[in-house]
Every structure is written in C-alpha cells, then in structure tokens.
$ cat upload29.cif   # mmCIF, C-alpha atoms
data_coords
loop_
_atom_site.label_atom_id
_atom_site.label_comp_id
_atom_site.auth_asym_id
_atom_site.auth_seq_id
_atom_site.Cartn_x
_atom_site.Cartn_y
_atom_site.Cartn_z
CA MET D 1 -57.44 27.29 -144.58
CA GLN D 2 -60.03 26.69 -147.23
CA LEU D 3 -61.42 30.17 -147.46
CA GLU D 4 -63.93 29.20 -150.16
CA TYR D 5 -65.54 26.78 -147.72
CA PHE D 6 -65.12 29.07 -144.71
CA GLN D 7 -62.92 26.42 -143.11
CA LEU D 8 -60.40 28.52 -141.27
CA ILE D 9 -58.82 26.08 -138.83
CA ASP D 10 -56.18 23.61 -140.00
CA ARG D 11 -55.24 21.73 -136.86
CA ILE D 12 -55.86 21.53 -133.16
CA VAL D 13 -52.61 21.83 -131.23
CA ASP D 14 -54.00 21.49 -127.73
CA LEU D 15 -57.43 21.01 -126.20
CA ASN D 16 -57.74 21.11 -122.43
CA ILE D 17 -61.29 20.31 -121.39
CA GLY D 18 -60.48 20.76 -117.70
CA ASP D 19 -59.05 24.25 -118.18
CA LYS D 20 -61.58 24.99 -120.92
CA THR D 21 -58.90 26.17 -123.34
CA ILE D 22 -57.88 25.37 -126.89
CA VAL D 23 -54.93 26.21 -129.12
CA VAL D 24 -55.23 25.79 -132.87
CA GLU D 25 -53.20 26.69 -135.92
CA ALA D 26 -54.28 28.02 -139.28
CA ASP D 27 -52.22 28.50 -142.42
CA VAL D 28 -53.14 31.65 -144.29
CA PRO D 29 -52.95 30.80 -148.01
CA ARG D 30 -50.24 32.49 -150.05
CA THR D 31 -52.67 33.23 -152.85
CA ASN D 32 -56.43 33.67 -152.91
CA THR D 33 -58.87 35.83 -154.83
CA ILE D 34 -59.68 37.59 -151.54
CA PHE D 35 -56.22 39.11 -151.58
CA GLU D 36 -56.77 40.48 -155.06
CA GLY D 37 -59.34 42.85 -153.67
CA HIS D 38 -58.12 43.13 -150.08
CA PHE D 39 -55.98 44.97 -151.12
CA PRO D 40 -54.43 45.45 -154.58
CA GLY D 41 -50.70 45.63 -154.11
CA TYR D 42 -51.02 45.21 -150.34
CA PRO D 43 -52.71 41.88 -149.54
CA ILE D 44 -53.75 41.39 -145.93
CA MET D 45 -56.12 38.98 -144.20
CA PRO D 46 -59.53 40.65 -143.63
CA GLY D 47 -60.31 41.32 -139.99
CA VAL D 48 -63.71 39.72 -140.40
CA LEU D 49 -62.04 36.43 -141.34
CA LEU D 50 -59.65 36.67 -138.41
CA THR D 51 -62.69 37.15 -136.20
CA GLU D 52 -64.33 34.12 -137.81
CA ALA D 53 -61.15 32.13 -137.14
CA MET D 54 -61.42 33.07 -133.46
CA ALA D 55 -65.08 32.03 -133.51
CA GLN D 56 -64.31 28.66 -135.11
CA SER D 57 -61.53 28.03 -132.59
CA SER D 58 -63.94 28.80 -129.76
CA GLY D 59 -66.52 26.63 -131.47
CA TRP D 60 -64.25 23.57 -131.44
CA LEU D 61 -63.58 24.15 -127.77
CA LEU D 62 -67.29 24.37 -127.01
CA LEU D 63 -68.03 21.30 -129.11
CA GLY D 64 -65.52 19.43 -126.99
CA LEU D 65 -66.99 20.68 -123.75
CA MET D 66 -70.46 19.67 -124.90
CA LYS D 67 -69.19 16.32 -126.21
CA PHE D 68 -70.54 17.06 -129.70
CA GLU D 69 -74.10 16.90 -128.39
CA ARG D 70 -74.88 20.54 -129.22
CA MET D 71 -73.72 22.94 -131.90
CA PRO D 72 -72.52 26.45 -131.02
CA PHE D 73 -73.48 29.39 -133.23
CA LEU D 74 -71.84 32.79 -133.04
CA ALA D 75 -74.23 35.34 -131.55
CA MET D 76 -72.19 38.32 -130.39
CA ILE D 77 -68.76 39.86 -130.91
CA LYS D 78 -67.34 42.31 -128.41
CA GLU D 79 -64.07 44.11 -128.04
CA ALA D 80 -62.83 42.89 -131.41
CA LYS D 81 -59.44 44.51 -131.87
CA MET D 82 -57.30 44.22 -134.99
CA ARG D 83 -53.86 44.95 -133.63
CA GLY D 84 -51.67 44.21 -136.61
CA PHE D 85 -51.76 43.09 -140.23
CA VAL D 86 -51.76 39.41 -141.13
CA ASN D 87 -50.10 38.63 -144.45
CA PRO D 88 -50.59 35.80 -146.96
CA GLY D 89 -48.57 32.71 -146.09
CA GLU D 90 -48.37 33.38 -142.36
CA VAL D 91 -49.29 30.79 -139.73
CA LEU D 92 -51.85 31.82 -137.13
CA THR D 93 -51.83 30.47 -133.61
CA ILE D 94 -55.25 30.96 -132.08
CA GLU D 95 -56.01 30.54 -128.41
CA ALA D 96 -59.50 30.51 -126.97
CA LYS D 97 -60.80 30.17 -123.44
CA VAL D 98 -64.28 29.76 -122.04
CA GLU D 99 -65.11 32.68 -119.78
CA HIS D 100 -68.62 31.61 -118.89
CA GLU D 101 -70.98 28.72 -119.50
CA GLY D 102 -74.57 29.86 -119.28
CA SER D 103 -77.83 28.10 -119.97
CA GLY D 104 -77.94 27.72 -123.75
CA PHE D 105 -75.06 30.08 -124.28
CA ALA D 106 -71.35 30.45 -123.64
CA VAL D 107 -68.85 33.29 -123.66
CA THR D 108 -65.26 32.92 -124.81
CA SER D 109 -62.22 35.12 -125.22
CA ALA D 110 -59.84 34.52 -128.09
CA LYS D 111 -56.50 35.75 -129.40
CA VAL D 112 -54.68 35.37 -132.70
CA ARG D 113 -50.91 35.46 -132.82
CA VAL D 114 -48.35 35.20 -135.59
CA GLY D 115 -45.24 33.99 -133.84
CA LYS D 116 -45.28 35.85 -130.56
CA GLU D 117 -46.98 38.91 -131.97
CA LEU D 118 -50.58 39.45 -130.94
CA LYS D 119 -52.58 40.28 -134.06
CA CYS D 120 -56.16 40.41 -132.84
CA SER D 121 -58.45 39.54 -129.95
CA ALA D 122 -62.16 39.45 -129.17
CA ASP D 123 -64.79 38.37 -126.68
CA LEU D 124 -67.37 36.11 -128.30
CA THR D 125 -70.80 34.89 -127.26
CA PHE D 126 -72.38 31.75 -128.69
CA ARG D 127 -75.83 30.26 -128.49
CA HIS D 128 -75.79 26.49 -128.57
CA ILE D 129 -78.56 24.12 -129.53
CA PRO D 130 -78.92 20.41 -130.26
CA PHE D 131 -77.62 19.67 -133.76
CA PRO D 132 -80.37 21.02 -136.02
CA HIS D 133 -79.66 18.58 -138.86
CA PRO D 134 -77.91 15.19 -138.96
CA ASP D 135 -75.85 16.29 -141.99
CA LEU D 136 -74.29 19.02 -139.87
CA ARG D 137 -73.26 16.52 -137.22
CA VAL D 138 -71.73 14.27 -139.89
CA HIS D 139 -69.88 17.25 -141.33
CA MET D 140 -68.54 18.31 -137.94
CA ASP D 141 -67.38 14.77 -137.19
CA ALA D 142 -65.51 14.70 -140.51
CA MET D 143 -63.99 18.12 -139.86
CA ALA D 144 -62.99 17.08 -136.35
CA LYS D 145 -61.09 14.13 -137.79
CA LYS D 146 -59.51 16.33 -140.44
CA ILE D 147 -58.13 18.90 -137.99
CA GLY D 148 -57.03 16.32 -135.42
CA PHE D 149 -59.67 16.81 -132.77
CA PRO D 150 -58.42 14.72 -129.83
CA GLN D 151 -61.27 12.28 -129.28
CA GLN D 152 -59.76 11.18 -125.97
CA ALA D 153 -60.55 14.66 -124.65
CA LEU D 154 -64.24 13.74 -124.79
CA THR D 155 -63.79 11.16 -122.06
CA HIS D 156 -62.86 13.92 -119.61
CA ASP D 157 -65.49 14.39 -116.91
CA MET C 1 -76.21 45.86 -100.07
CA SER C 2 -78.65 46.70 -102.83
CA SER C 3 -81.67 44.51 -103.42
CA THR C 4 -81.73 41.86 -106.10
CA PHE C 5 -84.15 43.97 -108.12
CA GLU C 6 -81.85 47.00 -107.88
CA GLN C 7 -78.92 44.94 -109.11
CA ILE C 8 -80.93 43.52 -111.99
CA ALA C 9 -82.26 46.94 -112.95
CA ASN C 10 -78.75 48.38 -112.95
CA ILE C 11 -77.49 45.53 -115.11
CA ILE C 12 -80.32 46.01 -117.60
CA ALA C 13 -79.82 49.77 -117.71
CA GLU C 14 -76.12 49.40 -118.36
CA THR C 15 -76.34 46.45 -120.75
CA CYS C 16 -79.24 47.67 -122.87
CA ASP C 17 -78.78 51.42 -122.54
CA ILE C 18 -82.24 51.82 -121.03
CA PRO C 19 -82.80 54.78 -118.67
CA ARG C 20 -82.63 53.38 -115.15
CA ASP C 21 -85.70 55.33 -113.96
CA THR C 22 -87.91 53.59 -116.55
CA ILE C 23 -87.09 50.14 -115.14
CA LYS C 24 -89.66 49.20 -112.50
CA PRO C 25 -90.32 46.03 -110.50
CA GLU C 26 -93.50 45.60 -112.55
CA SER C 27 -91.68 46.00 -115.88
CA HIS C 28 -91.81 43.05 -118.24
CA ALA C 29 -88.35 42.69 -119.74
CA ILE C 30 -89.68 41.80 -123.18
CA ASP C 31 -93.06 43.50 -123.44
CA ASP C 32 -92.30 46.73 -121.56
CA LEU C 33 -88.56 47.21 -121.95
CA GLY C 34 -88.25 45.75 -125.44
CA ILE C 35 -85.33 43.53 -124.54
CA ASP C 36 -84.74 40.95 -127.27
CA SER C 37 -83.27 37.49 -126.90
CA LEU C 38 -79.77 38.60 -127.87
CA ASP C 39 -79.73 41.40 -125.32
CA PHE C 40 -81.05 38.95 -122.78
CA LEU C 41 -77.97 36.78 -123.32
CA ASP C 42 -75.87 39.74 -122.24
CA ILE C 43 -78.11 40.31 -119.24
CA ALA C 44 -77.99 36.62 -118.30
CA PHE C 45 -74.20 36.68 -118.53
CA ALA C 46 -74.01 39.70 -116.23
CA ILE C 47 -76.55 38.28 -113.76
CA ASP C 48 -74.82 34.87 -113.70
CA LYS C 49 -71.54 36.58 -112.90
CA ALA C 50 -72.98 39.03 -110.38
CA PHE C 51 -74.83 36.38 -108.38
CA GLY C 52 -72.60 33.36 -109.00
CA ILE C 53 -75.42 31.34 -110.49
CA LYS C 54 -76.48 29.86 -113.82
CA MET C 55 -79.93 31.09 -114.72
CA PRO C 56 -81.76 28.17 -116.33
CA LEU C 57 -82.92 30.13 -119.38
CA GLU C 58 -83.45 27.04 -121.51
CA LYS C 59 -85.60 25.40 -118.86
CA TRP C 60 -87.65 28.54 -118.38
CA THR C 61 -88.11 28.98 -122.13
CA GLN C 62 -89.18 25.37 -122.48
CA GLU C 63 -91.72 25.76 -119.68
CA VAL C 64 -93.19 28.82 -121.37
CA ASN C 65 -93.28 27.09 -124.76
CA ASP C 66 -94.97 24.05 -123.18
CA GLY C 67 -97.58 26.24 -121.51
CA LYS C 68 -96.39 25.21 -118.06
CA ALA C 69 -95.41 28.76 -117.15
CA THR C 70 -96.07 32.28 -118.31
CA THR C 71 -93.45 34.76 -119.42
CA GLU C 72 -94.57 36.95 -116.52
CA GLN C 73 -93.25 34.38 -114.04
CA TYR C 74 -89.73 34.81 -115.33
CA PHE C 75 -89.54 38.11 -117.14
CA VAL C 76 -91.45 40.56 -114.94
CA LEU C 77 -88.50 41.93 -113.03
CA LYS C 78 -89.81 41.50 -109.49
CA ASN C 79 -90.50 37.85 -110.36
CA LEU C 80 -87.11 37.48 -111.99
CA ALA C 81 -85.57 38.85 -108.78
CA ASP C 82 -87.47 36.20 -106.80
CA ARG C 83 -86.23 33.45 -109.13
CA ILE C 84 -82.67 34.70 -108.72
CA ASP C 85 -83.03 34.79 -104.93
CA GLU C 86 -84.21 31.18 -105.07
CA LEU C 87 -81.23 30.17 -107.17
CA VAL C 88 -78.82 31.95 -104.84
CA ALA C 89 -80.47 30.34 -101.80
CA ALA C 90 -80.22 26.90 -103.43
CA LYS C 91 -76.57 27.49 -104.21
CA ASN C 92 -75.80 28.63 -100.68
CA ALA C 93 -77.67 25.67 -99.25
CA GLY C 94 -75.67 23.37 -101.49
CA THR C 95 -78.82 21.75 -102.79
CA GLY C 96 -77.73 20.54 -106.19
CA THR C 97 -76.76 22.87 -108.98
CA ALA C 98 -77.45 26.57 -108.98
CA SER C 99 -79.09 26.21 -112.35
CA GLY C 100 -82.15 24.54 -110.93
CA SER C 101 -81.99 22.02 -113.72
#
$ encode --input "upload29.cif" --output "structure tokens"
Amino acid sequence: MQLEYFQLIDRIVDLNIGDKTIVVEADVPRTNTIFEGHFPGYPIMPGVLLTEAMAQSSGWLLLGLMKFERMPFLAMIKEAKMRGFVNPGEVLTIEAKVEHEGSGFAVTSAKVRVGKELKCSADLTFRHIPFPHPDLRVHMDAMAKKIGFPQQALTHD
Amino acid sequence: MSSTFEQIANIIAETCDIPRDTIKPESHAIDDLGIDSLDFLDIAFAIDKAFGIKMPLEKWTQEVNDGKATTEQYFVLKNLADRIDELVAAKNAGTGTASGS
C-alpha cells in the first residue's frame, strides 16, 4: 500500500473474467502517519480506507471486464460493515464480484479478509465512462503492470 | 401480476423513499419526483433485476443530449413503462440484446 498516493492494492492474485471475480492482496504498512492519529496507542486501519480498498479491487475487476476502454468511478456504498479491526502490518485478501452490469454503471460486492477472518464487506456501485484524460489511462496501464494485472485475461470473450 | 407501471412505482417508492400515492403514470421522474442521477442508478439496478433486462440509460441520455429525444419519452413513468415493456418483449423474442443497443 502507498497510502499517501491512495494506492491500496499491491497485487492481483486471481482475475476471472468469465466468473466476473477478482482476488487481490494488500499489505497494510507497519508504520504510517495515519496510525499516529488513528489511534494513539491503538493503531488500526480506518474503515474508510478498507472501503476504498474494496472499491479499488472492484475497479480493477471492472477495468478488466471493460478491457480498459472505460474507467469506473465509485458512486455508491451500501451495507458497508466493519466486522473487525485491521492492524498495521497485516495482509489483506480482498475478493470482489460483479453483481450486475447496467448501462453505464455496475454493482459489485466485496469482502476483506485477514487470513480466514472476515474483516469488512460492502456493496458498491460504480459509474463508468470513457477515460476522461489520456494521462489517467497511462497511469492505470502503469499501475496494472505494477500490481500484476494479467493481460491475458483481456483476451477473454 | 401487477402492471409494469405498478412495479416501477413500487421500486421508486422503496428506493427513493417517496410516498407511493404521489407517484402517478404522468409523473416525470426528474421534474416531478426530484429523482437525481444517483438515485436513478439505484432504480435502474432494481428495474434491471426485476425485469431481467438492461435499460439502455447511456443510449437514452445520449439521444436526449443530441436532441433526438425528449426526457419525457424516457422519464415520464407511463412512457418508461412502455420502454420497459418493449425491452422485455425484445428479450422474450430473442431479438438481439435486451439493452436495445
């Protein structure tokens, strides 16, 4: 994770375009200024960042489904449940699944686990539009390479 | 089986917390009921699921923006019900995609 850059996903473990599912991992840093305030003497990962991690995981899945032709943007969060604390240094396993593909929008469900323990879950809605700026597309391509986005998945029909 | 309009009205009432008795066939979703684009995503999701279709919102929006259609054609509820019936009929007839696009 590079929290300062809001880059919360470290690697893609599995992307199944046919099943419309993704599994990613994210390493929570052992130290970060965020933990100095959240909370003194009891550092835990903020729920809002766990929710963003679920959104970014879903986003990579949607990017794959749309073959990087459109960019998803988070529009709605429902049923966000923080079920347990996430501590510095822990490894998150995040699963996301597309529940519905609408016209110009998509709905996913996502879960964050540490080991086998479910830490949080949410239902997320995204709007998606053609890439609004070429720099964003370049950035997403670079990020995809960095986190091991399986390019062969894009050849799936 | 309730009519398409009844199903839409119930979805809108539940999704947007609008009193059901204020939702009429002549109601304009945006102008009369005050439904914004984000709420309409929720409504579209529920309608897609309820009817097994994919409402072509982007196509409709583009047609309105291009001046090829009016918002009334798609967002007055009795007209929306007609559009949904057309999409369901197309799906059942197996004529291409249910999205109409």
$ interface_residues --input "upload29.cif" --of "chain C" --to "chain D" --cutoff "6 Å" --atoms "all atoms listed in the file" --output "list in words"
Lys54, Pro56, Leu57 and Glu58 of chain C
$ residues_around --input "upload29.cif" --residues "stretch 68-80 of chain C" --least-positions-apart "5" --cutoff "7 Å" --atoms "only C-alpha atoms" --output "list in words"
Phe5, Pro25, Glu26, Ser27, His28, Ala29 and Glu63 of chain C
$ resolve_selection --input "upload29.cif" --expression "the PyMOL selection byres ((chain D and resi 11) around 8)" --output "list in words"
Ile9, Asp10, Ile12, Val13, Val24, Glu25, Ala26, Lys146, Ile147, Gly148 and Phe149 of chain D
$ closest_residue --input "upload29.cif" --among "C:Thr61, C:Ser3, C:Asn10, C:Asn92" --to "C:Ala46" --atoms "all atoms listed in the file"
C:Asn10
$ atom_distance --input "upload29.cif" --atom1 "atom CA of D:Ser57" --atom2 "atom CA of C:Ile43"
24.6 Å
$ atom_distance --input "upload29.cif" --atom1 "atom CA of C:Asp66" --atom2 "atom CA of C:Val88"
25.7 Å
$ axis_aligned_box --input "upload29.cif" --around "stretch 2-5 of chain D" --padding-each-side "3 Å" --output "AutoDock Vina command-line options"
--center_x -62.8 --center_y 28.4 --center_z -148.7 --size_x 11.5 --size_y 9.5 --size_z 8.9
$ atom_distance --input "upload29.cif" --atom1 "atom CA of D:Leu124" --atom2 "atom CA of D:Leu65"
16.1 Å
$ residues_around --input "upload29.cif" --residues "D:Glu90" --least-positions-apart "2" --cutoff "6 Å" --atoms "all atoms listed in the file" --output "number ranges by chain"
D: 28, 87-88
$ resolve_selection --input "upload29.cif" --expression "the PyMOL selection byres ((chain C and resi 20) around 12)" --output "list of chain:residue names"
C:Phe5, C:Glu6, C:Gln7, C:Ile8, C:Ala9, C:Asn10, C:Ile11, C:Ile12, C:Ala13, C:Glu14, C:Thr15, C:Cys16, C:Asp17, C:Ile18, C:Pro19, C:Asp21, C:Thr22, C:Ile23, C:Lys24, C:Pro25, C:Ser27, C:Leu33
$ resolve_selection --input "upload29.cif" --expression "the PyMOL selection byres ((chain C and resi 52) around 12)" --output "compact mmCIF listing (two decimals) with C-alpha atoms, in the frame of the given file"
# COMPACT_ATOMS: atom_id res chain seq x y z
CA HIS D 100 -68.62 31.61 -118.89
CA GLU D 101 -70.98 28.72 -119.50
CA GLY D 102 -74.57 29.86 -119.28
CA ALA C 44 -77.99 36.62 -118.30
CA PHE C 45 -74.20 36.68 -118.53
CA ALA C 46 -74.01 39.70 -116.23
CA ILE C 47 -76.55 38.28 -113.76
CA ASP C 48 -74.82 34.87 -113.70
CA LYS C 49 -71.54 36.58 -112.90
CA ALA C 50 -72.98 39.03 -110.38
CA PHE C 51 -74.83 36.38 -108.38
CA ILE C 53 -75.42 31.34 -110.49
CA LYS C 54 -76.48 29.86 -113.82
CA MET C 55 -79.93 31.09 -114.72
CA ILE C 84 -82.67 34.70 -108.72
CA ASP C 85 -83.03 34.79 -104.93
CA LEU C 87 -81.23 30.17 -107.17
CA VAL C 88 -78.82 31.95 -104.84
CA ALA C 89 -80.47 30.34 -101.80
CA ALA C 90 -80.22 26.90 -103.43
CA LYS C 91 -76.57 27.49 -104.21
CA ASN C 92 -75.80 28.63 -100.68
CA THR C 97 -76.76 22.87 -108.98
CA ALA C 98 -77.45 26.57 -108.98
CA SER C 99 -79.09 26.21 -112.35
$ residues_around --input "upload29.cif" --residues "stretch 113-115 of chain D" --least-positions-apart "6" --cutoff "9 Å" --atoms "all atoms listed in the file" --output "ChimeraX atom specification"
/D:86,90-95
$ residues_around --input "upload29.cif" --residues "D:Phe35" --least-positions-apart "3" --cutoff "9 Å" --atoms "only C-alpha atoms" --output "number ranges by chain"
D: 31-32, 38-46, 88
$ residues_around --input "upload29.cif" --residues "D:Met140" --least-positions-apart "3" --cutoff "10 Å" --atoms "all atoms listed in the file" --output "ChimeraX atom specification"
/D:60,63,68,71,134-137,143-146
$ write_last_selection --input "upload29.cif" --atoms "C-alpha atoms" --output "PDB file, keeping the file's coordinate frame"
ATOM      1  CA  TRP D  60     -64.250  23.570-131.440  1.00  0.00           C
ATOM      2  CA  LEU D  63     -68.030  21.300-129.110  1.00  0.00           C
ATOM      3  CA  PHE D  68     -70.540  17.060-129.700  1.00  0.00           C
ATOM      4  CA  MET D  71     -73.720  22.940-131.900  1.00  0.00           C
ATOM      5  CA  PRO D 134     -77.910  15.190-138.960  1.00  0.00           C
ATOM      6  CA  ASP D 135     -75.850  16.290-141.990  1.00  0.00           C
ATOM      7  CA  LEU D 136     -74.290  19.020-139.870  1.00  0.00           C
ATOM      8  CA  ARG D 137     -73.260  16.520-137.220  1.00  0.00           C
ATOM      9  CA  MET D 143     -63.990  18.120-139.860  1.00  0.00           C
ATOM     10  CA  ALA D 144     -62.990  17.080-136.350  1.00  0.00           C
ATOM     11  CA  LYS D 145     -61.090  14.130-137.790  1.00  0.00           C
ATOM     12  CA  LYS D 146     -59.510  16.330-140.440  1.00  0.00           C
TER      13      LYS D 146
END
